[in-house]
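S.K.: Would you mind keeping the following structure in view while I ask a few things?
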Amino acid sequence: MRTAGTADFLIIGGGVIGLTIALELKRRHPEAAVTLIEKENDCGVHASGRDSTTRPTR
Ligand SMILES: Cc1cc2nc3c(=O)[nH]c(=O)nc-3n(C[C@H](O)[C@H](O)[C@H](O)COP(=O)(O)OP(=O)(O)OC[C@H]3O[C@@H](n4cnc5c(N)ncnc54)[C@H](O)[C@@H]3O)c2cc1C
């Protein structure tokens, strides 16, 4: 079992919303510890990964 450390900001969910909030928090507060928890093995595998506006095109 892994024990979580401390964080100034905790974000649950690594979709486009959670990732955007995490990036913006680090931009505004570079010194803050921002932790993002994602239940899947990768970020963006749910709605954000299926939406053609957020999915990178190749
Ligand atoms: C086919 C499709 C087309 C779309 N087209 C458009 C469009 O044209 N324009 C538009 O504006 N929007 C569109 N949307 C909607 C848009 O994709 C979503 O509104 C947006 O991606 C939601 O982002 P989100 O980060 O809130 O959610 P998600 O991408 O669902 O991310 C939530 C994340 O939280 C994680 N999570 C959930 N519960 C937990 C937990 N307990 N612990 C840890 N992690 C957890 C999930 O695994 C997931 O990764 C579309 C959606 C789909 C499916």
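Starting from 1 in every chain, residues are counted up; chains themselves are A, B, ... following the order of the structure tokens, and ligands are numbered from 1 as listed.
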Show me which residues sit within 8 Å of ligand 1 when counting only C-alpha atoms and all ligand atoms, and put them as a PDB file with N, CA and C atoms, in the first residue's frame.

M.R.:
```pdb
ATOM      1  N   ILE A  12      -8.977  15.260  -8.157  1.00  0.00           N
ATOM      2  CA  ILE A  12      -9.373  13.870  -8.419  1.00  0.00           C
ATOM      3  C   ILE A  12      -9.922  13.787  -9.837  1.00  0.00           C
ATOM      4  N   GLY A  13      -9.233  13.045 -10.678  1.00  0.00           N
ATOM      5  CA  GLY A  13      -9.670  12.844 -12.053  1.00  0.00           C
ATOM      6  C   GLY A  13      -8.758  13.504 -13.063  1.00  0.00           C
ATOM      7  N   GLY A  14      -8.151  12.697 -13.911  1.00  0.00           N
ATOM      8  CA  GLY A  14      -7.218  13.211 -14.915  1.00  0.00           C
ATOM      9  C   GLY A  14      -7.826  13.290 -16.301  1.00  0.00           C
ATOM     10  N   GLY A  15      -9.014  13.883 -16.375  1.00  0.00           N
ATOM     11  CA  GLY A  15      -9.582  14.229 -17.676  1.00  0.00           C
ATOM     12  C   GLY A  15      -9.114  15.632 -18.044  1.00  0.00           C
ATOM     13  N   VAL A  16      -9.711  16.184 -19.079  1.00  0.00           N
ATOM     14  CA  VAL A  16      -9.267  17.502 -19.532  1.00  0.00           C
ATOM     15  C   VAL A  16      -9.478  18.563 -18.448  1.00  0.00           C
ATOM     16  N   ILE A  17     -10.530  18.411 -17.658  1.00  0.00           N
ATOM     17  CA  ILE A  17     -10.802  19.402 -16.612  1.00  0.00           C
ATOM     18  C   ILE A  17      -9.762  19.319 -15.499  1.00  0.00           C
ATOM     19  N   GLY A  18      -9.525  18.105 -14.981  1.00  0.00           N
ATOM     20  CA  GLY A  18      -8.551  17.951 -13.901  1.00  0.00           C
ATOM     21  C   GLY A  18      -7.150  18.356 -14.324  1.00  0.00           C
ATOM     22  N   LEU A  19      -6.745  17.945 -15.542  1.00  0.00           N
ATOM     23  CA  LEU A  19      -5.405  18.287 -16.028  1.00  0.00           C
ATOM     24  C   LEU A  19      -5.268  19.798 -16.229  1.00  0.00           C
ATOM     25  N   ILE A  37      -4.989  12.663  -8.784  1.00  0.00           N
ATOM     26  CA  ILE A  37      -5.240  11.221  -8.649  1.00  0.00           C
ATOM     27  C   ILE A  37      -6.135  10.774  -9.802  1.00  0.00           C
ATOM     28  N   GLU A  38      -5.689   9.743 -10.502  1.00  0.00           N
ATOM     29  CA  GLU A  38      -6.471   9.175 -11.613  1.00  0.00           C
ATOM     30  C   GLU A  38      -6.676   7.690 -11.351  1.00  0.00           C
ATOM     31  N   LYS A  39      -7.918   7.230 -11.462  1.00  0.00           N
ATOM     32  CA  LYS A  39      -8.201   5.823 -11.136  1.00  0.00           C
ATOM     33  C   LYS A  39      -7.763   4.860 -12.239  1.00  0.00           C
ATOM     34  N   GLU A  40      -7.634   5.367 -13.462  1.00  0.00           N
ATOM     35  CA  GLU A  40      -7.186   4.506 -14.563  1.00  0.00           C
ATOM     36  C   GLU A  40      -5.653   4.520 -14.632  1.00  0.00           C
ATOM     37  N   ASP A  42      -3.989   5.526 -17.213  1.00  0.00           N
ATOM     38  CA  ASP A  42      -3.612   6.716 -17.968  1.00  0.00           C
ATOM     39  C   ASP A  42      -4.648   7.804 -17.765  1.00  0.00           C
ATOM     40  N   CYS A  43      -4.229   9.028 -18.040  1.00  0.00           N
ATOM     41  CA  CYS A  43      -5.171  10.143 -18.016  1.00  0.00           C
ATOM     42  C   CYS A  43      -5.914  10.201 -19.356  1.00  0.00           C
ATOM     43  N   GLY A  44      -7.088  10.799 -19.319  1.00  0.00           N
ATOM     44  CA  GLY A  44      -7.810  11.088 -20.550  1.00  0.00           C
ATOM     45  C   GLY A  44      -8.375   9.887 -21.279  1.00  0.00           C
ATOM     46  N   VAL A  45      -8.700   8.829 -20.570  1.00  0.00           N
ATOM     47  CA  VAL A  45      -9.222   7.656 -21.265  1.00  0.00           C
ATOM     48  C   VAL A  45     -10.749   7.607 -21.280  1.00  0.00           C
ATOM     49  N   HIS A  46     -11.399   8.526 -20.589  1.00  0.00           N
ATOM     50  CA  HIS A  46     -12.864   8.518 -20.596  1.00  0.00           C
ATOM     51  C   HIS A  46     -13.382   9.584 -21.564  1.00  0.00           C
ATOM     52  N   ALA A  47     -14.303  10.418 -21.144  1.00  0.00           N
ATOM     53  CA  ALA A  47     -14.924  11.378 -22.074  1.00  0.00           C
ATOM     54  C   ALA A  47     -13.885  12.219 -22.805  1.00  0.00           C
ATOM     55  N   SER A  48     -12.867  12.673 -22.083  1.00  0.00           N
ATOM     56  CA  SER A  48     -11.862  13.543 -22.703  1.00  0.00           C
ATOM     57  C   SER A  48     -11.114  12.842 -23.835  1.00  0.00           C
ATOM     58  N   GLY A  49     -10.974  11.538 -23.743  1.00  0.00           N
ATOM     59  CA  GLY A  49     -10.277  10.795 -24.784  1.00  0.00           C
ATOM     60  C   GLY A  49     -11.164  10.467 -25.971  1.00  0.00           C
ATOM     61  N   ARG A  50     -12.476  10.628 -25.799  1.00  0.00           N
ATOM     62  CA  ARG A  50     -13.404  10.298 -26.895  1.00  0.00           C
ATOM     63  C   ARG A  50     -13.911  11.533 -27.615  1.00  0.00           C
ATOM     64  N   ASP A  51     -13.731  12.682 -27.009  1.00  0.00           N
ATOM     65  CA  ASP A  51     -14.209  13.944 -27.576  1.00  0.00           C
ATOM     66  C   ASP A  51     -13.247  14.382 -28.679  1.00  0.00           C
ATOM     67  N   SER A  52     -13.772  14.585 -29.867  1.00  0.00           N
ATOM     68  CA  SER A  52     -12.902  14.950 -30.993  1.00  0.00           C
ATOM     69  C   SER A  52     -12.268  16.331 -30.809  1.00  0.00           C
ATOM     70  N   THR A  53     -12.812  17.166 -29.910  1.00  0.00           N
ATOM     71  CA  THR A  53     -12.223  18.500 -29.717  1.00  0.00           C
ATOM     72  C   THR A  53     -11.011  18.457 -28.794  1.00  0.00           C
ATOM     73  N   THR A  54     -10.885  17.409 -27.957  1.00  0.00           N
ATOM     74  CA  THR A  54      -9.730  17.323 -27.061  1.00  0.00           C
ATOM     75  C   THR A  54      -8.761  16.233 -27.478  1.00  0.00           C
TER      76      THR A  54
END
```

S.K.: Would you list, as a PDB file with N, CA and C atoms, in the first residue's frame, the residues of chain A that end up in helix (DSSP H, G or I) under DSSP run on this structure's backbone?

M.R.:
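File result-v1.pdb, as written:
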```pdb
ATOM      1  N   VAL A  16      -9.711  16.184 -19.079  1.00  0.00           N
ATOM      2  CA  VAL A  16      -9.267  17.502 -19.532  1.00  0.00           C
ATOM      3  C   VAL A  16      -9.478  18.563 -18.448  1.00  0.00           C
ATOM      4  N   ILE A  17     -10.530  18.411 -17.658  1.00  0.00           N
ATOM      5  CA  ILE A  17     -10.802  19.402 -16.612  1.00  0.00           C
ATOM      6  C   ILE A  17      -9.762  19.319 -15.499  1.00  0.00           C
ATOM      7  N   GLY A  18      -9.525  18.105 -14.981  1.00  0.00           N
ATOM      8  CA  GLY A  18      -8.551  17.951 -13.901  1.00  0.00           C
ATOM      9  C   GLY A  18      -7.150  18.356 -14.324  1.00  0.00           C
ATOM     10  N   LEU A  19      -6.745  17.945 -15.542  1.00  0.00           N
ATOM     11  CA  LEU A  19      -5.405  18.287 -16.028  1.00  0.00           C
ATOM     12  C   LEU A  19      -5.268  19.798 -16.229  1.00  0.00           C
ATOM     13  N   THR A  20      -6.309  20.431 -16.741  1.00  0.00           N
ATOM     14  CA  THR A  20      -6.258  21.878 -16.959  1.00  0.00           C
ATOM     15  C   THR A  20      -6.155  22.622 -15.630  1.00  0.00           C
ATOM     16  N   ILE A  21      -6.923  22.170 -14.641  1.00  0.00           N
ATOM     17  CA  ILE A  21      -6.857  22.803 -13.321  1.00  0.00           C
ATOM     18  C   ILE A  21      -5.470  22.619 -12.711  1.00  0.00           C
ATOM     19  N   ALA A  22      -4.913  21.402 -12.843  1.00  0.00           N
ATOM     20  CA  ALA A  22      -3.576  21.140 -12.282  1.00  0.00           C
ATOM     21  C   ALA A  22      -2.529  22.051 -12.923  1.00  0.00           C
ATOM     22  N   LEU A  23      -2.568  22.167 -14.251  1.00  0.00           N
ATOM     23  CA  LEU A  23      -1.594  23.015 -14.944  1.00  0.00           C
ATOM     24  C   LEU A  23      -1.760  24.478 -14.549  1.00  0.00           C
ATOM     25  N   GLU A  24      -3.003  24.923 -14.443  1.00  0.00           N
ATOM     26  CA  GLU A  24      -3.250  26.322 -14.087  1.00  0.00           C
ATOM     27  C   GLU A  24      -2.819  26.604 -12.650  1.00  0.00           C
ATOM     28  N   LEU A  25      -3.051  25.651 -11.745  1.00  0.00           N
ATOM     29  CA  LEU A  25      -2.602  25.836 -10.361  1.00  0.00           C
ATOM     30  C   LEU A  25      -1.082  25.947 -10.291  1.00  0.00           C
ATOM     31  N   LYS A  26      -0.372  25.098 -11.065  1.00  0.00           N
ATOM     32  CA  LYS A  26       1.102  25.175 -11.057  1.00  0.00           C
ATOM     33  C   LYS A  26       1.580  26.479 -11.694  1.00  0.00           C
ATOM     34  N   ARG A  27       0.835  26.969 -12.698  1.00  0.00           N
ATOM     35  CA  ARG A  27       1.218  28.238 -13.322  1.00  0.00           C
ATOM     36  C   ARG A  27       1.056  29.390 -12.324  1.00  0.00           C
ATOM     37  N   ARG A  28      -0.053  29.374 -11.595  1.00  0.00           N
ATOM     38  CA  ARG A  28      -0.323  30.471 -10.648  1.00  0.00           C
ATOM     39  C   ARG A  28       0.457  30.330  -9.358  1.00  0.00           C
ATOM     40  N   ALA A  47     -14.303  10.418 -21.144  1.00  0.00           N
ATOM     41  CA  ALA A  47     -14.924  11.378 -22.074  1.00  0.00           C
ATOM     42  C   ALA A  47     -13.885  12.219 -22.805  1.00  0.00           C
ATOM     43  N   SER A  48     -12.867  12.673 -22.083  1.00  0.00           N
ATOM     44  CA  SER A  48     -11.862  13.543 -22.703  1.00  0.00           C
ATOM     45  C   SER A  48     -11.114  12.842 -23.835  1.00  0.00           C
ATOM     46  N   GLY A  49     -10.974  11.538 -23.743  1.00  0.00           N
ATOM     47  CA  GLY A  49     -10.277  10.795 -24.784  1.00  0.00           C
ATOM     48  C   GLY A  49     -11.164  10.467 -25.971  1.00  0.00           C
ATOM     49  N   ARG A  50     -12.476  10.628 -25.799  1.00  0.00           N
ATOM     50  CA  ARG A  50     -13.404  10.298 -26.895  1.00  0.00           C
ATOM     51  C   ARG A  50     -13.911  11.533 -27.615  1.00  0.00           C
TER      52      ARG A  50
END
```

S.K.: Would you list the contacts of range 4-8 of chain A as a PyMOL selection string, taking every protein, DNA or RNA residue within 6 Å and counting only C-alpha atoms, but skipping same-chain residues closer than 5 positions in sequence?

M.R.: chain A and resi 32-34

S.K.: Could you take the residues named above and write them with C-alpha atoms, as a CSV table (one decimal), in the first residue's frame?

M.R.:
```
chain,number,residue,atom,x,y,z
A,32,ALA,CA,2.6,24.6,-4.4
A,33,ALA,CA,2.4,20.8,-4.3
A,34,VAL,CA,-0.3,19.8,-6.7
```

S.K.: Would you return as a JSON list (two decimals) with C-alpha atoms, in the first residue's frame the members of chain A that DSSP assigns to strand (DSSP E or B) on this structure's backbone?

M.R.:
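Below you can see selection.json, which holds the result:
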```json
[["chain", "number", "residue", "atom", "x", "y", "z"],
["A", 9, "PHE", "CA", -4.05, 21.03, -3.87],
["A", 10, "LEU", "CA", -5.62, 17.64, -4.53],
["A", 11, "ILE", "CA", -7.40, 17.04, -7.83],
["A", 12, "ILE", "CA", -9.37, 13.87, -8.42],
["A", 34, "VAL", "CA", -0.30, 19.80, -6.72],
["A", 35, "THR", "CA", -1.39, 16.16, -6.64],
["A", 36, "LEU", "CA", -3.68, 14.64, -9.25],
["A", 37, "ILE", "CA", -5.24, 11.22, -8.65]]
```
